[in-house]
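Structure file coords-v3.txt (compact mmCIF, C-alpha atoms and all ligand atoms) follows.
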# COMPACT_ATOMS: atom_id res chain seq x y z
CA MET A 1 34.78 7.51 48.88
CA GLY A 2 37.33 6.02 46.49
CA VAL A 3 37.65 2.63 44.83
CA PRO A 4 36.61 -0.11 47.29
CA ILE A 5 39.44 -1.96 49.05
CA SER A 6 37.98 -5.23 47.75
CA GLN A 7 38.45 -4.06 44.15
CA MET A 8 42.03 -2.96 44.81
CA TRP A 9 42.75 -6.29 46.46
CA THR A 10 41.18 -8.24 43.59
CA VAL A 11 43.26 -6.37 41.01
CA ALA A 12 46.50 -6.55 43.00
CA SER A 13 46.18 -10.27 43.70
CA TYR A 14 45.24 -10.94 40.05
CA VAL A 15 48.29 -9.06 38.71
CA LEU A 16 50.65 -10.62 41.27
CA GLY A 17 49.22 -14.07 40.49
CA LYS A 18 50.05 -13.60 36.79
CA LYS A 19 53.52 -12.30 37.66
CA PHE A 20 54.35 -15.25 39.92
CA ARG A 21 53.17 -17.69 37.28
CA GLY A 22 55.36 -15.97 34.69
CA ILE A 23 52.42 -15.01 32.46
CA LYS A 24 53.50 -12.05 30.37
CA ARG A 25 50.33 -11.19 28.48
CA TYR A 26 47.02 -11.12 30.30
CA PRO A 27 43.86 -8.99 30.23
CA LEU A 28 43.11 -6.55 33.05
CA VAL A 29 39.93 -4.92 31.75
CA LEU A 30 37.64 -6.33 29.07
CA MET A 31 36.18 -3.62 26.85
CA LEU A 32 32.80 -5.17 26.07
CA GLU A 33 30.91 -3.29 23.37
CA PRO A 34 27.42 -4.78 23.16
CA LEU A 35 26.36 -2.39 20.38
CA PHE A 36 27.61 0.55 18.32
CA ARG A 37 24.48 2.69 18.05
CA CYS A 38 24.08 5.81 20.14
CA ASN A 39 21.63 8.60 20.85
CA LEU A 40 24.36 11.20 20.31
CA ALA A 41 26.69 11.94 17.40
CA CYS A 42 29.86 13.37 18.96
CA ALA A 43 32.39 14.90 16.60
CA GLY A 44 35.30 12.77 17.86
CA CYS A 45 33.44 9.43 17.90
CA GLY A 46 34.83 6.54 15.90
CA LYS A 47 32.08 4.08 16.83
CA ILE A 48 28.89 5.42 15.30
CA GLN A 49 30.15 5.53 11.72
CA TYR A 50 29.11 1.97 10.89
CA PRO A 51 26.31 1.34 8.34
CA ALA A 52 22.73 1.24 9.62
CA GLU A 53 22.46 -2.57 9.44
CA ILE A 54 25.44 -2.87 11.83
CA LEU A 55 24.14 -0.12 14.14
CA ARG A 56 20.85 -2.01 14.48
CA ARG A 57 22.57 -5.15 15.78
CA GLN A 58 23.64 -5.98 19.34
CA LEU A 59 25.32 -8.77 21.31
CA THR A 60 23.07 -11.12 23.23
CA PRO A 61 23.60 -11.53 26.99
CA GLU A 62 24.91 -15.06 26.30
CA GLN A 63 27.54 -13.72 23.87
CA CYS A 64 28.59 -11.16 26.48
CA PHE A 65 28.88 -13.79 29.23
CA ARG A 66 30.86 -16.14 26.97
CA ALA A 67 33.37 -13.38 26.18
CA VAL A 68 33.71 -12.38 29.84
CA ASP A 69 34.16 -15.99 30.98
CA GLU A 70 36.71 -16.73 28.28
CA CYS A 71 38.73 -13.58 28.88
CA GLY A 72 38.86 -13.83 32.69
CA ALA A 73 39.69 -10.15 33.31
CA PRO A 74 38.61 -8.98 36.79
CA MET A 75 37.12 -5.75 35.42
CA VAL A 76 34.69 -5.19 32.56
CA SER A 77 34.10 -1.82 30.96
CA ILE A 78 30.96 -1.53 28.85
CA PRO A 79 31.35 1.27 26.33
CA GLY A 80 29.57 1.52 23.02
CA GLY A 81 27.65 3.10 21.42
CA GLU A 82 25.28 3.84 24.23
CA PRO A 83 24.82 0.67 26.33
CA LEU A 84 21.53 1.89 27.80
CA LEU A 85 19.99 1.54 24.31
CA HIS A 86 20.49 -2.23 24.61
CA PRO A 87 17.12 -3.76 25.58
CA GLN A 88 18.81 -6.39 27.82
CA ILE A 89 21.47 -4.23 29.42
CA GLY A 90 20.02 -4.84 32.90
CA GLU A 91 20.32 -8.61 32.39
CA ILE A 92 23.88 -8.27 31.04
CA VAL A 93 25.04 -6.17 33.99
CA ALA A 94 23.33 -8.47 36.52
CA GLY A 95 25.06 -11.47 34.94
CA LEU A 96 28.46 -9.82 35.22
CA VAL A 97 27.88 -8.72 38.81
CA ALA A 98 26.85 -12.31 39.65
CA ARG A 99 30.25 -13.36 38.25
CA LYS A 100 31.88 -10.86 40.69
CA LYS A 101 33.29 -8.74 37.89
CA TYR A 102 33.88 -5.05 38.61
CA VAL A 103 31.73 -3.44 35.94
CA TYR A 104 32.02 0.11 34.59
CA LEU A 105 28.90 0.92 32.59
CA CYS A 106 29.88 3.84 30.35
CA THR A 107 26.98 6.08 29.42
CA ASN A 108 26.27 9.56 28.16
CA ALA A 109 23.57 9.50 30.89
CA ILE A 110 20.72 10.70 28.68
CA LEU A 111 18.71 7.58 29.53
CA LEU A 112 20.17 6.85 32.96
CA GLU A 113 17.40 8.28 35.13
CA LYS A 114 14.79 6.55 32.97
CA HIS A 115 16.47 3.14 33.23
CA ILE A 116 18.16 3.31 36.62
CA ASP A 117 15.69 0.91 38.27
CA GLN A 118 17.00 -1.89 36.02
CA PHE A 119 20.13 -1.86 38.21
CA GLN A 120 20.91 -2.57 41.85
CA PRO A 121 23.58 -0.64 43.77
CA SER A 122 26.59 -2.90 44.26
CA LYS A 123 30.29 -2.60 44.94
CA PHE A 124 30.71 -4.42 41.61
CA LEU A 125 28.87 -1.78 39.55
CA SER A 126 29.90 1.79 38.67
CA PHE A 127 28.21 4.12 36.26
CA SER A 128 30.92 5.85 34.25
CA ILE A 129 29.40 9.09 32.99
CA HIS A 130 30.77 10.63 29.82
CA LEU A 131 31.66 14.28 30.53
CA ASP A 132 34.12 16.14 28.34
CA GLY A 133 34.27 19.33 30.41
CA PRO A 134 32.05 21.89 32.08
CA LYS A 135 28.67 22.76 30.58
CA GLU A 136 29.63 24.69 27.47
CA GLU A 137 32.62 22.49 26.61
CA HIS A 138 30.70 19.26 27.10
CA ASP A 139 27.69 20.30 25.05
CA PHE A 140 30.10 21.45 22.35
CA ALA A 141 32.01 18.14 22.44
CA VAL A 142 28.84 16.04 22.14
CA CYS A 143 27.35 18.42 19.56
CA ARG A 144 24.08 18.87 21.44
CA GLU A 145 22.89 21.52 23.82
CA GLY A 146 21.51 20.48 27.20
CA VAL A 147 23.33 17.14 27.57
CA TYR A 148 25.57 18.40 30.39
CA ASP A 149 22.57 19.34 32.55
CA VAL A 150 21.01 15.93 31.95
CA ALA A 151 24.26 14.21 32.92
CA ILE A 152 24.56 16.24 36.13
CA SER A 153 20.98 15.42 37.10
CA ALA A 154 21.65 11.71 36.43
CA ILE A 155 24.84 11.81 38.54
CA LYS A 156 22.92 13.31 41.47
CA THR A 157 20.17 10.70 41.16
CA ALA A 158 22.60 7.78 40.93
CA VAL A 159 24.69 9.02 43.89
CA ALA A 160 21.51 9.57 45.96
CA LYS A 161 20.39 6.00 45.21
CA GLY A 162 23.71 4.62 46.48
CA PHE A 163 25.39 3.73 43.20
CA ARG A 164 29.11 4.10 42.58
CA VAL A 165 29.52 6.90 40.04
CA THR A 166 32.64 7.84 38.11
CA THR A 167 33.18 10.13 35.15
CA ASN A 168 35.11 9.59 31.95
CA THR A 169 36.54 12.49 30.02
CA THR A 170 38.21 12.56 26.64
CA VAL A 171 40.52 15.50 26.12
CA TYR A 172 40.89 17.07 22.68
CA ASN A 173 43.27 19.80 21.61
CA ASN A 174 40.69 22.53 22.19
CA ALA A 175 40.45 21.73 25.94
CA ASP A 176 40.86 24.63 28.33
CA PRO A 177 42.88 23.49 31.39
CA GLU A 178 41.20 25.94 33.75
CA SER A 179 37.74 24.73 32.69
CA MET A 180 38.81 21.13 33.19
CA ARG A 181 40.08 21.88 36.69
CA GLU A 182 36.81 23.63 37.46
CA MET A 183 34.99 20.49 36.31
CA PHE A 184 37.12 18.32 38.65
CA ASP A 185 36.03 20.55 41.57
CA ASN A 186 32.41 20.28 40.50
CA MET A 187 32.51 16.50 40.16
CA MET A 188 34.08 16.01 43.56
CA GLY A 189 31.38 18.27 44.98
CA LEU A 190 28.71 15.99 43.51
CA GLY A 191 30.09 12.92 45.28
CA VAL A 192 31.67 11.27 42.26
CA GLU A 193 33.99 8.41 43.29
CA GLY A 194 36.75 9.09 40.79
CA MET A 195 37.45 10.65 37.40
CA MET A 196 38.90 8.89 34.38
CA ILE A 197 40.57 11.13 31.83
CA SER A 198 42.30 10.23 28.59
CA PRO A 199 43.49 11.97 25.43
CA GLY A 200 41.36 11.43 22.33
CA TYR A 201 42.67 9.00 19.73
CA GLN A 202 42.79 9.90 16.08
CA TYR A 203 40.19 7.47 14.76
CA GLU A 204 40.35 7.32 10.98
CA LYS A 205 36.55 7.16 10.96
CA ALA A 206 36.01 10.25 13.17
CA PRO A 207 34.72 13.22 11.18
CA SER A 208 36.65 15.96 13.07
CA GLN A 209 40.31 14.96 12.69
CA GLU A 210 41.57 18.42 13.68
CA LEU A 211 40.49 17.78 17.30
CA PHE A 212 43.15 15.19 18.09
CA LEU A 213 46.36 15.66 20.04
CA GLN A 214 49.92 14.90 19.06
CA ARG A 215 52.13 13.36 21.78
CA SER A 216 54.04 16.50 22.79
CA GLN A 217 50.77 18.45 22.89
CA THR A 218 49.27 15.76 25.11
CA THR A 219 51.95 15.94 27.79
CA LYS A 220 51.97 19.75 27.86
CA LEU A 221 48.20 19.93 28.04
CA PHE A 222 47.91 17.24 30.73
CA LYS A 223 50.59 18.96 32.82
CA ARG A 224 48.41 22.04 32.81
CA ILE A 225 45.20 20.10 33.45
CA MET A 226 46.43 17.67 36.12
CA GLY A 227 49.62 19.30 37.40
CA ASN A 228 49.59 20.60 41.01
CA ALA A 229 46.45 18.53 41.52
CA LYS A 230 44.28 19.47 44.47
CA ARG A 231 44.38 16.95 47.32
CA GLY A 232 40.61 16.49 47.11
CA TRP A 233 40.61 15.32 43.50
CA ARG A 234 40.30 11.58 42.99
CA PHE A 235 41.22 10.07 39.66
CA ASN A 236 40.08 6.67 38.58
CA LEU A 237 43.53 6.10 37.10
CA SER A 238 46.70 4.49 38.35
CA PRO A 239 49.27 7.07 39.55
CA LEU A 240 51.85 5.96 36.96
CA PHE A 241 49.38 6.53 34.11
CA VAL A 242 48.77 10.08 35.38
CA GLU A 243 52.53 10.70 35.44
CA PHE A 244 52.79 9.23 31.93
CA LEU A 245 50.15 11.66 30.64
CA LYS A 246 52.12 14.54 32.15
CA GLY A 247 55.33 13.31 30.48
CA ASN A 248 56.98 12.34 33.78
CA TRP A 249 57.01 8.54 33.40
CA ASP A 250 57.65 6.31 30.41
CA LEU A 251 55.27 3.49 29.56
CA GLU A 252 54.88 1.25 26.52
CA CYS A 253 51.53 0.12 25.20
CA THR A 254 50.26 -3.33 26.22
CA PRO A 255 47.16 -3.60 24.03
CA TRP A 256 46.27 -7.10 25.28
CA GLY A 257 45.71 -5.55 28.75
CA MET A 258 42.38 -4.06 27.69
CA PRO A 259 41.09 -6.23 24.85
CA ALA A 260 37.90 -5.29 22.99
CA TYR A 261 35.06 -7.65 22.16
CA ASN A 262 32.15 -6.55 19.99
CA LEU A 263 29.71 -7.67 17.28
CA PHE A 264 32.55 -8.83 15.04
CA GLY A 265 34.55 -10.74 17.68
CA TRP A 266 37.87 -9.93 19.40
CA GLN A 267 39.26 -6.81 17.81
CA ARG A 268 42.90 -6.83 16.71
CA PRO A 269 45.05 -5.31 18.17
CA CYS A 270 43.15 -2.93 20.47
CA TYR A 271 39.98 -0.97 21.12
CA LEU A 272 41.12 1.79 18.75
CA LEU A 273 42.72 0.14 15.76
CA ASN A 274 40.75 -2.27 13.68
CA GLU A 275 43.02 -4.73 11.91
CA GLY A 276 40.74 -7.74 11.86
CA TYR A 277 38.92 -9.92 14.35
CA CYS A 278 39.47 -13.24 16.11
CA GLU A 279 36.89 -15.77 17.21
CA THR A 280 38.48 -16.35 20.61
CA PHE A 281 40.58 -14.34 23.03
CA GLN A 282 43.26 -17.04 22.94
CA GLU A 283 43.43 -16.73 19.16
CA LEU A 284 43.86 -12.95 19.56
CA LEU A 285 46.73 -13.50 22.01
CA ASP A 286 48.41 -16.21 19.95
CA THR A 287 48.07 -14.88 16.40
CA THR A 288 48.62 -11.13 16.79
CA ASP A 289 52.10 -9.85 15.99
CA TRP A 290 52.30 -7.57 19.04
CA SER A 291 55.73 -6.28 17.99
CA GLN A 292 53.92 -4.23 15.33
CA TYR A 293 52.12 -2.07 17.90
CA GLY A 294 53.01 0.53 20.51
CA ARG A 295 55.31 3.50 20.14
CA ALA A 296 58.55 1.47 20.06
CA SER A 297 57.27 -0.44 17.03
CA GLY A 298 57.51 2.67 14.85
CA ASN A 299 53.94 2.05 13.67
CA PRO A 300 52.71 5.54 12.70
CA LYS A 301 49.21 4.66 13.92
CA CYS A 302 50.64 4.31 17.44
CA ALA A 303 53.07 7.25 17.38
CA ASP A 304 50.81 9.81 19.09
CA CYS A 305 48.65 7.40 21.05
CA MET A 306 48.67 7.76 24.85
CA VAL A 307 45.17 6.51 25.52
CA HIS A 308 43.89 4.80 28.62
CA CYS A 309 43.10 1.49 26.90
CA GLY A 310 46.71 1.11 25.71
CA TYR A 311 48.65 2.27 28.75
CA GLU A 312 46.61 1.92 31.95
CA ALA A 313 47.17 -1.84 32.10
CA THR A 314 50.91 -1.22 31.61
CA ALA A 315 50.87 1.28 34.48
CA VAL A 316 49.18 -1.24 36.78
CA ALA A 317 51.61 -4.00 35.78
CA ASP A 318 54.61 -1.68 36.28
CA THR A 319 53.38 -0.91 39.79
CA PHE A 320 53.91 -4.55 40.74
CA ASN A 321 56.73 -5.54 38.39
CA SER A 322 59.49 -3.28 39.65
CA LEU A 323 60.61 -1.78 42.93
CA LYS A 324 61.02 1.54 41.14
CA GLY A 325 57.41 1.52 39.96
CA PHE A 326 56.06 0.35 43.31
CA SER A 327 58.01 2.93 45.34
CA GLN A 328 56.94 5.71 42.95
CA VAL A 329 53.27 4.74 43.40
CA VAL A 330 53.67 4.66 47.19
CA LYS A 331 55.31 8.09 47.08
CA LEU A 332 52.63 9.57 44.79
CA THR A 333 49.84 8.07 46.88
CA LEU A 334 51.21 9.34 50.20
CA PHE A 335 52.63 12.71 49.20
CA GLY A 336 51.22 13.54 45.75
CA ALA A 337 53.37 14.72 42.86
CA GLY A 338 54.68 17.76 44.76
CA ARG A 339 54.91 21.27 43.39
CA GLU A 340 55.15 21.03 39.60
CA LYS A 341 56.41 23.61 37.13
CA LEU A 342 53.65 23.98 34.58
CA PRO A 343 54.31 24.79 30.91
CA PRO A 344 53.05 28.10 29.53
CA ASP A 345 49.88 28.31 27.45
CA GLN A 346 49.98 25.99 24.46
CA PRO A 347 50.54 27.57 21.07
CA SER A 348 47.82 26.77 18.55
CA PRO A 349 48.24 23.19 17.35
CA PRO A 350 49.95 23.04 13.96
CA HIS A 351 47.04 21.36 12.20
CA ASP A 352 44.38 23.59 13.81
CA ASN A 353 44.57 26.14 11.06
CA ASN A 354 41.28 27.81 11.91
CA ALA A 355 41.86 28.31 15.66
CA GLY A 356 40.56 31.66 16.76
CA SER A 357 39.32 32.59 13.30
CA LYS A 358 35.79 33.66 12.47
CA ASP A 359 35.35 30.37 10.58
CA ALA A 360 36.26 28.43 13.73
CA ASP A 361 33.84 30.48 15.80
CA ASP A 362 31.09 29.93 13.24
CA GLU A 363 31.79 26.20 13.29
CA ARG A 364 31.61 26.16 17.11
CA VAL A 365 28.26 27.96 17.03
CA ARG A 366 26.99 25.67 14.30
CA LYS A 367 27.84 22.57 16.33
CA ILE A 368 26.34 23.80 19.55
CA GLN A 369 23.11 24.71 17.79
CA LEU A 370 22.50 21.16 16.66
CA PRO A 371 19.10 19.84 17.83
CA VAL A 372 18.48 20.09 21.55
CA LEU A 373 17.84 16.99 23.56
CA SER A 374 14.83 14.86 22.75
CA SER A 375 13.35 12.40 25.18
S1 LIG B 401 28.26 9.35 23.46
FE1 LIG B 401 30.05 8.03 23.09
S2 LIG B 401 29.31 6.47 21.66
FE2 LIG B 401 27.82 8.13 21.63
S3 LIG B 401 28.44 9.41 19.88
FE3 LIG B 401 29.39 10.26 21.74
S4 LIG B 401 31.43 9.30 21.86
FE4 LIG B 401 30.19 8.10 20.40
S1 LIG B 402 49.56 2.51 20.94
FE1 LIG B 402 47.35 3.01 20.92
S2 LIG B 402 46.69 2.55 18.82
FE2 LIG B 402 48.67 1.52 19.13
S3 LIG B 402 48.14 -0.56 19.82
FE3 LIG B 402 48.42 0.71 21.64
S4 LIG B 402 46.35 1.43 22.16
FE4 LIG B 402 46.30 0.71 20.04

Whole structure given in C-alpha cells:
Amino acid sequence: MGVPISQMWTVASYVLGKKFRGIKRYPLVLMLEPLFRCNLACAGCGKIQYPAEILRRQLTPEQCFRAVDECGAPMVSIPGGEPLLHPQIGEIVAGLVARKKYVYLCTNAILLEKHIDQFQPSKFLSFSIHLDGPKEEHDFAVCREGVYDVAISAIKTAVAKGFRVTTNTTVYNNADPESMREMFDNMMGLGVEGMMISPGYQYEKAPSQELFLQRSQTTKLFKRIMGNAKRGWRFNLSPLFVEFLKGNWDLECTPWGMPAYNLFGWQRPCYLLNEGYCETFQELLDTTDWSQYGRASGNPKCADCMVHCGYEATAVADTFNSLKGFSQVVKLTLFGAGREKLPPDQPSPPHDNNAGSKDADDERVRKIQLPVLSS
C-alpha cells in the first residue's frame, strides 16, 4: 500500500489553495525537532554535537503544539536526535494526530518495539525508520553493530500491528548502488509503504567530512541507485524530486517549504544551515533574506546541496505550478522513467584520498567494532 489517498488529497488541495491565493512562500512539512540527544553516534550526524546541557533539554508538548499550530503545514516530520528518547513523545504524537497532521516519526528504531504501545495505528502516523543500506552498510553508517537487525525486527512488528512504516536513507559517497537496490527489494518485501532517500549534507559539525557528496557525484550515484527502477519499488518522494536527484530535472531550493523548529526556535534558513533563530514562523518568513540561499544564490554552503528538505517542497509545488511539471509527473506515475542509460562506476571521489587503502579498511573495521547494541 502506498500513501493514503486522503494524504495526497490534503497536500494537493493545500498547495493549490496557496497557489490560487497567490501565496508564494508557505510551509509544506514542519521539521519538528523535540530534542537533539540520541542513543547512536553516527559519523555523518550534525545534530548530536551540541554540549551536554543542550542535549539534556527537550521541547514540551505545548511548545510542539504551538509551533505546529503557528506553522500550519499539513505534514510534520519529527526527526532529532532520537524522538523516542523524549519522555512525552506519545503525548506529542497524539496531539498532532488529533490536529489531523500527517506525522512522520523518524527513528533509528532501537527503542521502537519497547515503546510501540504508546502509539495507535492511524492514517495520520507513519514510523520513518532510519536505514542507510543493507546490514553491513547500515551498521557501518551508524557506527554500531547489530542496529540493522533491530531495525528490521521493529519494522516487522510495526507492520504486523497495522502501523504505516516508511524508511529514510541518507546516501554518502561510499554507497554501493547494487547494495542499495538490494535494500529496496528487501524493504518492499517487508511491507514498507515507501522509501525516502536523500544525499547527505556536509554539516560543518559532522566529524566525517569525507563522506559527503558533491553535486555531480550525487546525480551520477543516484542514477545508478534509482535508475531503471523496478516497478514494485515505492518511494516516499515526489517524482520530480527523484528526477532531480538523477540530474534529469532542474529544481531550486525553497527552504521555507520545510522549516525547522527546535529548542532554539525557528532555524534560519533551513534544517541544515544554522544562521540564527526566530521566535515565530512569520518572523522567519519576513526577516530572512531568501535570495542568499539555494544554488542560484552562489552561496558556497548551498552549492552541492540537493537534500530532501530543500528541494522536495519545490518538487511538489512545481507539480501544480506548471503544465510541464504536472504532465511530467503524470507521465512518470503512469509509465515510469523508461529505460535509462546508467553512468559507469564512479571514480573515487576527489577528496576521498584513502579510498581502497589499508588505512581506509582499518578505519571501516574500527568503526564497525564500536560497542554493540545495549538495551
Ligand atoms: S540516529 Fe540520527 S540523530 Fe542519532 S546519531 Fe544517527 S543520524 Fe544522528
Ligand atoms: S540549498 Fe540546502 S543548505 Fe542551502 S538553503 Fe537550501 S536546503 Fe539549506

Spatial neighbours of Ser13 of chain A, max dist 12 Å, all atoms listed in the file, sep filter under 6 positions, as a PDB file with C-alpha atoms, in the frame of the given file:
ATOM      1  CA  ILE A   5      39.440  -1.960  49.050  1.00  0.00           C
ATOM      2  CA  SER A   6      37.980  -5.230  47.750  1.00  0.00           C
ATOM      3  CA  GLN A   7      38.450  -4.060  44.150  1.00  0.00           C
ATOM      4  CA  LYS A  19      53.520 -12.300  37.660  1.00  0.00           C
ATOM      5  CA  PHE A  20      54.350 -15.250  39.920  1.00  0.00           C
ATOM      6  CA  LEU A  28      43.110  -6.550  33.050  1.00  0.00           C
ATOM      7  CA  PRO A  74      38.610  -8.980  36.790  1.00  0.00           C
ATOM      8  CA  VAL A 316      49.180  -1.240  36.780  1.00  0.00           C
ATOM      9  CA  ALA A 317      51.610  -4.000  35.780  1.00  0.00           C
ATOM     10  CA  PHE A 320      53.910  -4.550  40.740  1.00  0.00           C
TER      11      PHE A 320
END

Hey, which residues come within 8 Å of ligand LIG 401 (chain B) if we count only C-alpha atoms and all ligand atoms? Could you give them as a compact mmCIF listing (two decimals) with C-alpha atoms, in the coordinates of the input?
# COMPACT_ATOMS: atom_id res chain seq x y z
CA PHE A 36 27.61 0.55 18.32
CA ARG A 37 24.48 2.69 18.05
CA CYS A 38 24.08 5.81 20.14
CA ASN A 39 21.63 8.60 20.85
CA LEU A 40 24.36 11.20 20.31
CA ALA A 41 26.69 11.94 17.40
CA CYS A 42 29.86 13.37 18.96
CA ALA A 43 32.39 14.90 16.60
CA GLY A 44 35.30 12.77 17.86
CA CYS A 45 33.44 9.43 17.90
CA GLY A 46 34.83 6.54 15.90
CA LYS A 47 32.08 4.08 16.83
CA ILE A 48 28.89 5.42 15.30
CA PRO A 79 31.35 1.27 26.33
CA GLY A 80 29.57 1.52 23.02
CA GLY A 81 27.65 3.10 21.42
CA GLU A 82 25.28 3.84 24.23
CA THR A 107 26.98 6.08 29.42
CA ASN A 108 26.27 9.56 28.16
CA HIS A 130 30.77 10.63 29.82
CA VAL A 142 28.84 16.04 22.14

For this session: Pick out the residues sitting within 10 Å of segment 226-231 of chain A, and hand them over as number ranges by chain; count all atoms listed in the file, and ignore anything fewer than 2 positions along from it in its own chain.
Result: A: 177, 180-181, 184-185, 197, 220-224, 233-235, 242-243, 245-246, 335-343

Problem set entry | Nearest-residue call for ligand LIG 402 (chain B), choices A:Thr333, A:Thr314, A:Thr170, A:Ser128, using all atoms listed in the file | A:Thr314

For this session: Measure the distance from atom CA of Ser77 of chain A to atom CA of Tyr102 of chain A in Å and round it to one decimal.
Result: 8.3 Å

For this session: Name each residue within 9 Å of ligand LIG 402 (chain B), counting all atoms listed in the file, as a PyMOL selection string.
Result: chain A and resi 201-202+252-256+258+268-274+290+292-295+299-311

Problem set entry | Nearest-residue call for Gln63 of chain A, choices A:Ile225, A:Pro27, A:Glu33, A:Leu125, using all atoms listed in the file |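 Smallest separation from Gln63 of chain A among the options: A:Glu33.
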
Problem set entry | For Ile116 of chain A, the nearest of the candidates A:Trp9, A:Phe281, A:Phe163, A:Phe244, counting all atoms listed in the file |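 Smallest distance to Ile116 of chain A is found for A:Phe163.
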
Problem set entry | Leu96 of chain A surroundings by only C-alpha atoms, 12 Å radius, close-in-sequence under 6 positions cut, as a list in words | Leu30, Leu32, Pro61, Glu62, Cys64, Phe65, Arg66, Ala67, Val68, Asp69, Gly72, Ala73, Pro74, Met75, Val76, Ser77, Ile78, Ile89, Gly90, Tyr102, Val103, Tyr104, Leu105, Phe119, Ser122, Phe124 and Leu125 of chain A
